[in-house]
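Before any comments, here is the structure.
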Amino acid sequence: MAHVGVPRGTARKRRSVALLATGVLTIPVLAGCSSDSEGPTSVAAPQDIAPASRDRVTEGSTVTWAIDGVPATLNAFQADADSATTRITGALLPSLFPMDAKGEPRLNPDYLESAKVIEQEPKQVVLYKLNQQAVWSDGREIGAPDFVAQWRALSGKDSAFWTARNAGYERIEKIERGKDDLQVRVTFSKPYADWRSLFSPLYPKEVTGSPGTFNDGARTTLENTAGPFRLRSVNKPEGSVVLDRNPRWWGNEAKLESLVFRAVEPEDRTDALTEGAVDVADIDPATANSIALAARYRSGKGGPPAHGPGSDSTPASALRSWALAHGSDEEAAEAAQAAREETREAIAVYAAEQKSLNGFAVRKSLEPAYTQLALNGESGPLSDDRVRRAIARTLDRQELADAVLGPLGLPAKLPGSHLALAGQPGYKDSSGALGEQDTKEARALLADAGWTPGGAVRRTEDTKAGSEAEEKGRAGKAEQKEKDEKAEKTDKAEKAEKDDKASRDEGMYVVGDEKPGDGPAGDGEVTAQDKQAGGARGAYAPTGTPAPAPASVKDRLGKAGKPLSLRFVLPSGPGSQSLRTVGEKIVEMLDSIGITTQVTKVDDDSYFKDHIASGDYDLALYSWPATAYPATDGRPIFAKPEPASDGSLLVEQNYTRVGSDHIDQLFDRAVSELDANASRDLLKQADARIWAAAGSIPLYQRPQLVAVDKKLANVGAFGFAAPRYEDIGFTARQAAGSTANRKK
């Protein structure tokens with residue numbers, strides 16, 4: 001899965017490209033040494049961006065911002081658009097209703113004077129009045145032709161346009177010019193509550209007017225833009241996208257002269273920060289901890305790490321001790337002198353690294369996304385809602401949230417909704433529809449579904465009877481049966497001989513088996529070396545060790561001799577260690593009630609495509625970003641899967657394969673309800689039923705950690721709100737804090 005996500009309310013693209021790997025390891029140092037911001041942290045987690053008024057931000061200079069990679073496309077409505085696409089186009093193109101700090105869409109006065117529903121009967125009509133100064137970078141005013149072209153491209157009626165989705169645009173009946181091109185009348189064929197989600201970002205008609213420019217032209221360049229910046233260059237070999245001030249921008253002039261987005265892999269960001277290659281970067285807890293340690297080191301409150309430069313066990317002392325033990329005093333002196341030089345160099349390098357990292361602050365907040373445990377209900381034990389609910393009620397969600405967010409000093413209140421996050425207007429905790437953590441009730445649900453302790457153990461007489469019946473069925477003749485019986489007698493004789501031999505091997509036995517395993521000597525023999533070591537490694541226990549009682553097997557849940565075993569798929573890459581840590585905790589919780597989990601680790605690149613999207617898992621962890629438009633964005637995630645003509649299952653983005661007609665109906669009603677309060681009430685009802693279905697269990701809101709040059713203002717952990725790129729800049733001259741000068 002991608003490690004960086006995109007808030008749904010800004011990019012308006014496929015949710016699949018916004019999947020997030022989740023989880024954070026504990027960082028004791030970071031909790032007490034983070035950003036410079038002050039003030040209490042609310043549940044909604046405010047922005048941490050070092051806010052400063054524009055008069056305190058200097059003119060000019062360049063900021064370099066780390067992204068995962070140069071985007072495959074600059075068209076946000078194509079399937080391969082990603083977080084970098086959203087970040088870059090946010091500075092280049094109009095967004096009519098960006099999200100504010102509470103996760104609610106707000107009219108953007110740079111582009112709109114007003115926008116409202118002026119008619120509801122007989123059909124919904126929205127009138128947009130555009131800012132009279134709003135123009136594209138070629139000087140043409142933004143107007144009705146741009147709205148019409150984008151609607152036609154995204155309506156879904158022309159398959160020549162390669163669009164990722166058409167949600168909302170397919171409900172538009174017509175778009176008309178008002179009194180002039182600065183007034184746009186949009187008439188809907190069906191009511192659409194989330195009309196504010198449309199036309200953001202807005203592309204010029206030169207891009208959306210034809211399939212050729214839409215499909216290919218906007219992938220690598222945008223010649224015509226309308227934001228505080230314009231596109232100067234895209235250089236994929238160098239991994240950079242460079243933006244310059246837009247001289248035709250009518251709003252507040254951008255403080256920065258240029259903005260550079262540089263591709264830096266997440267695992268390389270500590271080095272990039274140390275080398276001064278970037279000014280802003282989303283980081284993992286390990287990098288955040290390094291920055292916190294640098295602050296302690298520079299303040300004199302903390303020294304170099306153990307076994308590093310300046311510690312008691314330095315290369316100098318180690319080499320000198322070795323020389324004194326194995327050579328002459330002269331050799332010892334030479335070794336000590338060489339080691340001292342090496343140590344001085346190492347200390348100098350370490351000090352330089354700490355000085356570089358000390359120039360950064362860690363801005364932190366709660367990211368507008370929640371991490372969930374997904375339970376694949378398509379087949380197997382999890383197709384039974386009782387089993388899913390039992391697993392959900394086994395989880396100690398508070399323990400997981402505390403482990404992730406507590407060490408970071410972030411609020412660890414449990415997410416109570418699938419469709420909104422704490423602080424958003426439509427938020428309501430509906431988790432009560434599922435019930436609180438209760439292992440006793442979980443066991444009762446499993447028992448009701450037929451999964452009981454010891455149910456995985458089949459009785460011997462049943463096994464024997466079943467085997468004989470199977471043999472008779474295969475043989476079909478008395479003669480064949482007689483041959484099988486003779487063969488069985490021969491096997492028993494050979495087995496008895498082997499067992500007799502094993503019994504003479506000083507009482508050794510194989511753990512978890514009834515016959516010796518293959519040892520180094522072959523044929524199950526135990527060598528003298530094995531006996532000295534207390535038995536063959538991994539197979540034998542020392543003489544006199546009592547055989548383990550089969551209680552653990554009896555405690556395993558099962559049904560008709562089959563254990564309740566679930567495949568838990570997790571990513572294996574270095575950037576996913578924290579996700580695996582969360583997974584391990586969940587495994588322990590399920591193990592405590594007798595549920596067996598088989599953890600399968602797969603490459604990060606294939607985690608989503610080959611496992612989550614294809615349904616090749618029982619349990620998995622991934623995240624969904626927040627949205628200001630849950631009626632539109634939530635439906636494909638929780639829609640009831642439908643069978644396709646070829647026998648496959650159409651799941652849209654419902655990768656848990658759990659849904660119901662009632663949930664679909666509530667979404668349909670909510671998206672057509674123009675009364676905001678009534679629409680939210682319907683969504684809350686849908687969310688309660690999603691909880692009860694137990695296909696996805698929200699665990700915690702993701703933390704957001706961003707390393708930012710301490711002299712930069714108005715950038716960092718943005719939370720819900722969209723960045724105001726024109727306000728970003730240094731509060732001191734570039735010579736004091738720019739990337740270029742840090743390199744020197």
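Naming works like this for the structure tokens: A, B, ... for the chains as they're shown, residue 1 at the start of each chain, ligands 1 onward in shown order.
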So which residues touch stretch 692-706 of chain A within 6 Å, counting only C-alpha atoms, skipping near sequence neighbours fewer than 3 positions away, as a ChimeraX atom specification? /A:281-283,362-367,369-375,388-389,397,401,414-415,433-434,656,658,689,716-717
What lies within 9 Å of stretch 659-669 of chain A using only C-alpha atoms, ignoring chain neighbours under 2 positions off, as a count of residues only? 25
Taking only stretch 241-273 of chain A into account, list the residues labelled helix (DSSP H, G or I) by DSSP (computed from the backbone), as an mmCIF file with all heavy atoms, in the first residue's frame.
```cif
data_model
loop_
_atom_site.group_PDB
_atom_site.id
_atom_site.type_symbol
_atom_site.label_atom_id
_atom_site.label_comp_id
_atom_site.auth_asym_id
_atom_site.auth_seq_id
_atom_site.Cartn_x
_atom_site.Cartn_y
_atom_site.Cartn_z
ATOM 1 N N PRO A 266 10.724 7.040 1.283
ATOM 2 C CA PRO A 266 10.548 7.223 2.736
ATOM 3 C C PRO A 266 11.758 6.780 3.552
ATOM 4 O O PRO A 266 12.133 7.444 4.516
ATOM 5 C CB PRO A 266 9.318 6.364 3.046
ATOM 6 C CG PRO A 266 8.528 6.388 1.783
ATOM 7 C CD PRO A 266 9.545 6.376 0.673
ATOM 8 N N GLU A 267 12.403 5.671 3.145
ATOM 9 C CA GLU A 267 13.542 5.183 3.926
ATOM 10 C C GLU A 267 14.793 6.034 3.746
ATOM 11 O O GLU A 267 15.763 5.885 4.504
ATOM 12 C CB GLU A 267 13.854 3.727 3.548
ATOM 13 C CG GLU A 267 14.229 3.503 2.100
ATOM 14 C CD GLU A 267 13.027 3.159 1.226
ATOM 15 O OE1 GLU A 267 11.896 3.532 1.593
ATOM 16 O OE2 GLU A 267 13.233 2.523 0.175
ATOM 17 N N ASP A 268 14.792 6.953 2.764
ATOM 18 C CA ASP A 268 15.966 7.801 2.509
ATOM 19 C C ASP A 268 15.804 9.209 3.074
ATOM 20 O O ASP A 268 16.672 10.065 2.863
ATOM 21 C CB ASP A 268 16.222 7.900 0.998
ATOM 22 C CG ASP A 268 16.572 6.550 0.383
ATOM 23 O OD1 ASP A 268 17.129 5.704 1.106
ATOM 24 O OD2 ASP A 268 16.273 6.349 -0.812
ATOM 25 N N ARG A 269 14.736 9.466 3.789
ATOM 26 C CA ARG A 269 14.454 10.854 4.163
ATOM 27 C C ARG A 269 15.331 11.368 5.296
ATOM 28 O O ARG A 269 15.593 12.564 5.365
ATOM 29 C CB ARG A 269 12.963 11.012 4.476
ATOM 30 C CG ARG A 269 12.161 10.819 3.213
ATOM 31 C CD ARG A 269 10.743 11.218 3.270
ATOM 32 N NE ARG A 269 10.143 11.010 1.950
ATOM 33 C CZ ARG A 269 8.866 11.052 1.700
ATOM 34 N NH1 ARG A 269 8.007 11.294 2.690
ATOM 35 N NH2 ARG A 269 8.414 10.856 0.476
ATOM 36 N N THR A 270 15.776 10.490 6.178
ATOM 37 C CA THR A 270 16.701 10.956 7.220
ATOM 38 C C THR A 270 17.966 11.496 6.580
ATOM 39 O O THR A 270 18.463 12.574 6.944
ATOM 40 C CB THR A 270 17.038 9.819 8.197
ATOM 41 O OG1 THR A 270 15.833 9.335 8.789
ATOM 42 C CG2 THR A 270 17.966 10.314 9.296
ATOM 43 N N ASP A 271 18.510 10.759 5.618
ATOM 44 C CA ASP A 271 19.716 11.212 4.920
ATOM 45 C C ASP A 271 19.445 12.502 4.147
ATOM 46 O O ASP A 271 20.286 13.413 4.130
ATOM 47 C CB ASP A 271 20.205 10.133 3.952
ATOM 48 C CG ASP A 271 20.784 8.921 4.673
ATOM 49 O OD1 ASP A 271 21.140 9.057 5.865
ATOM 50 O OD2 ASP A 271 20.867 7.852 4.050
ATOM 51 N N ALA A 272 18.285 12.588 3.508
ATOM 52 C CA ALA A 272 17.959 13.796 2.743
ATOM 53 C C ALA A 272 17.883 15.014 3.651
ATOM 54 O O ALA A 272 18.348 16.103 3.288
ATOM 55 C CB ALA A 272 16.639 13.601 2.003
ATOM 56 N N LEU A 273 17.319 14.844 4.830
ATOM 57 C CA LEU A 273 17.251 15.950 5.783
ATOM 58 C C LEU A 273 18.644 16.311 6.283
ATOM 59 O O LEU A 273 19.007 17.493 6.383
ATOM 60 C CB LEU A 273 16.348 15.572 6.956
ATOM 61 C CG LEU A 273 14.857 15.393 6.629
ATOM 62 C CD1 LEU A 273 14.144 14.704 7.784
ATOM 63 C CD2 LEU A 273 14.200 16.730 6.332
#
```
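Atom pair atom CA of A:Lys205 / atom CA of A:Trp151: separated by 10.3 Å.
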In Å and to one decimal, atom CA of A:Gly455 is distant from atom CA of A:Leu566 by 15.6 Å
